[in-house]
Amino acid sequence: MKILHVLDHGLPLQSGYTFRTRAILRAQQARGWQVAAVTGTRQGASAAAAETVDGIDFHRTAPIGASPPVLGELREIRALSRRVAEVAETFRPDILHAHSPVLGALAALRVARATRLPLVYEIRAFWEDAAVGNGTGREGSARYRATKMLETWAVRRADAVSVICEGLRGDLIARGIAPDKILVSPNGVDLALFGTPLAYDDALARRIGVTGAEVIGFIGSFYDYEGIDDLIAAMPALVAARPTARLLLVGGGPMEAALRAQAAASPVASHIHFVGRVPHDEVDRYYSLVDILAYPRKRMRLTDLVTPLKPLEAMAQRRLVAASDVGGHRELIRDGITGTLFPPGDPAGIAAALAGLLGDRDGWEERRDRGRAFVEAERNWAVNVGRYEPVYQKLTSAVASPRPWSRPPVSV
């Protein structure tokens, strides 16, 4: 089986998107499948048109110049489509597997039609909702509605659709997409890479100033929808109940300046520690310092539909997990069993939930065991990747005519 993946961006860039991609492709390689990937123009300039990163072959699409809205996206689609066609001529895949946003699906569709290759379109979040969550769009706007229509159009024309959670699947079914066309391939953890927790890092704890503290941690991107402002607002009440509590914030993003200002103005500013961004291969050192990983996402369409990756990483690292009671978290966390759910947008509720967890140490080990067992059994990429196989086999066996690889390069 040869699979050509079509991506918005990939390694060596670091993001939740690239980490999921890496896990999928490496797990597919471990099954004996041949994989390659084409990244879009948003990858940025690369030193070479093709390079191997972490054992994966990436083919780059050259960046394009600035263009007005709509025209710029059309140029991106055309450039990516041409590059996918070029790579397909040499790699000769059995299947195309495009990953959101929808620009990648549209580019891959053009190649799929020209080459008679089957196309799987994988949606990690709806582009229109991600724009709202990132502060670059407004729900219900003309652009929002147009993007949603385009997403639905692409889904109808793909041969199969993969989504990362039940929330996205349910939304597509409500749009009239046949349930048997949709595969749920949930977020998971590569336990070979991220499955062995480190011992408590005393030197790092001393450097940050959290030695001997009860540490609440957030490790991720600082977007407004993550609700980190609510977590900071909860700290005075938490410190009043648990005087040794500290908040450790690892990461960065658009809200960083505002969050630092909020923390500086807090009456418990000395209990709040910003680390900044750290290399992914050092993140587990910071996990070793944290007692409870907190994920206070705000309630909105994006967070109700989409499951995050970070709580799974925390469970794999045998950390306690506390998160807001939104749809995406409820798919990952069983309240009181594998984690704790608290009301979204409620600093007092956050403080009470965290104080309760910190005061119940007798139950920590059992809860850690249950969280780790859940990841190993249900969210381990070595297991998860097998979900693609029946879909790939069905689509490739349905292709009656041979691939037109002997023809001149496809014009798209």
# chains A, B, ... in the order shown; residues from 1 in each chain; ligands from 1

$ residues_around --residues "Ile292 (chain A)" --least-positions-apart "2" --cutoff "6 Å" --atoms "only C-alpha atoms" --output "list in words"
Ile216, Val290, Leu320 and Val321 of chain A

$ write_last_selection --atoms "all heavy atoms" --output "tab-separated table (two decimals), in the first residue's frame"
chain	number	residue	atom	x	y	z
A	216	ILE	N	-0.12	23.24	39.15
A	216	ILE	CA	-1.13	23.16	38.11
A	216	ILE	C	-0.44	23.60	36.81
A	216	ILE	O	0.23	24.63	36.78
A	216	ILE	CB	-2.33	24.08	38.39
A	216	ILE	CG1	-2.86	23.86	39.80
A	216	ILE	CG2	-3.40	23.90	37.33
A	216	ILE	CD1	-3.38	22.47	40.06
A	290	VAL	N	4.51	18.72	36.98
A	290	VAL	CA	3.10	19.09	37.13
A	290	VAL	C	2.31	18.00	37.83
A	290	VAL	O	2.43	16.81	37.50
A	290	VAL	CB	2.48	19.38	35.74
A	290	VAL	CG1	0.99	19.70	35.87
A	290	VAL	CG2	3.20	20.54	35.06
A	320	LEU	N	-2.54	13.89	36.32
A	320	LEU	CA	-3.96	14.11	36.53
A	320	LEU	C	-4.45	15.16	35.53
A	320	LEU	O	-3.72	16.08	35.17
A	320	LEU	CB	-4.23	14.59	37.95
A	320	LEU	CG	-3.83	13.64	39.09
A	320	LEU	CD1	-4.11	14.29	40.43
A	320	LEU	CD2	-4.57	12.31	38.97
A	321	VAL	N	-5.71	15.03	35.13
A	321	VAL	CA	-6.28	15.92	34.13
A	321	VAL	C	-7.56	16.53	34.67
A	321	VAL	O	-8.43	15.83	35.20
A	321	VAL	CB	-6.57	15.16	32.82
A	321	VAL	CG1	-7.34	16.04	31.85
A	321	VAL	CG2	-5.28	14.68	32.18

$ closest_atom_pairs --of "region 217-292 of chain A" --to "region 346-357 of chain A" --cutoff "10 Å" --atoms "only C-alpha atoms" --output "tab-separated table"
residue	atom	partner	partner_atom	distance
A:Gly227	CA	A:Asp346	CA	9.8
A:Asp229	CA	A:Pro347	CA	8.9
A:Asp230	CA	A:Pro347	CA	5.2
A:Leu231	CA	A:Pro347	CA	6.3
A:Ile232	CA	A:Pro347	CA	8.1
A:Ala233	CA	A:Pro347	CA	5.8
A:Ala234	CA	A:Pro347	CA	4.4
A:Met235	CA	A:Ala351	CA	6.8
A:Pro236	CA	A:Ala351	CA	8.4
A:Ala237	CA	A:Ala351	CA	6.0
A:Leu238	CA	A:Ala351	CA	4.9
A:Val239	CA	A:Ala351	CA	8.7
A:Ala240	CA	A:Ala355	CA	9.6
A:Ala241	CA	A:Ala355	CA	6.6
A:Arg242	CA	A:Ala355	CA	6.6
A:Ala245	CA	A:Ala355	CA	9.0
A:Asp291	CA	A:Leu357	CA	9.7
A:Ile292	CA	A:Leu354	CA	8.0

$ residues_around --residues "Arg75 (chain A)" --least-positions-apart "2" --cutoff "12 Å" --atoms "only C-alpha atoms" --output "JSON, numbers by chain"
{"A": [40, 41, 42, 61, 62, 63, 64, 65, 66, 67, 68, 69, 70, 71, 72, 73, 77, 78, 79, 80, 81, 82, 103, 106, 107]}

$ residues_around --residues "Leu259 (chain A)" --least-positions-apart "2" --cutoff "12 Å" --atoms "only C-alpha atoms" --output "PyMOL selection string"
chain A and resi 222-224+226-233+249+251-257+261-266+269+272-274+276

$ closest_residue --among "A:Gly386, A:Asp284, A:Val155, A:Ala203" --to "Lys181 (chain A)" --atoms "only C-alpha atoms"
A:Val155

$ select_by_dssp --residues "region 174-408 of chain A" --states "alpha helix (DSSP H)" --output "MDAnalysis selection string"
chainID A and resid 174 191:194 202:208 228:241 256:265 283:287 301:305 310:316 327:330 347:358 364:378 381:384 388:397

$ residues_around --residues "Gly327 (chain A)" --least-positions-apart "6" --cutoff "10 Å" --atoms "only C-alpha atoms" --output "PyMOL selection string"
chain A and resi 166-167+299-307

$ residues_around --residues "Leu289 (chain A)" --least-positions-apart "3" --cutoff "8 Å" --atoms "only C-alpha atoms" --output "list in words"
Tyr200, Asp201, Ala205, Val215, Arg285 and Tyr286 of chain A

$ residues_around --residues "Leu168 (chain A)" --least-positions-apart "6" --cutoff "9 Å" --atoms "only C-alpha atoms" --output "number ranges by chain"
A: 123-126, 184, 305-306

$ closest_residue --among "A:Arg22, A:His271, A:Arg157, A:Arg370" --to "Arg113 (chain A)" --atoms "only C-alpha atoms"
A:Arg157

$ atom_distance --atom1 "CA of Arg368 (chain A)" --atom2 "CA of Gly345 (chain A)"
25.9 Å

$ select_by_dssp --residues "region 229-411 of chain A" --states "strand (DSSP E or B)" --output "ChimeraX atom specification"
/A:245-252,272-276,292-295,320-324,335,339-342,380

$ atom_distance --atom1 "CA of Leu248 (chain A)" --atom2 "CA of Leu312 (chain A)"
18.5 Å
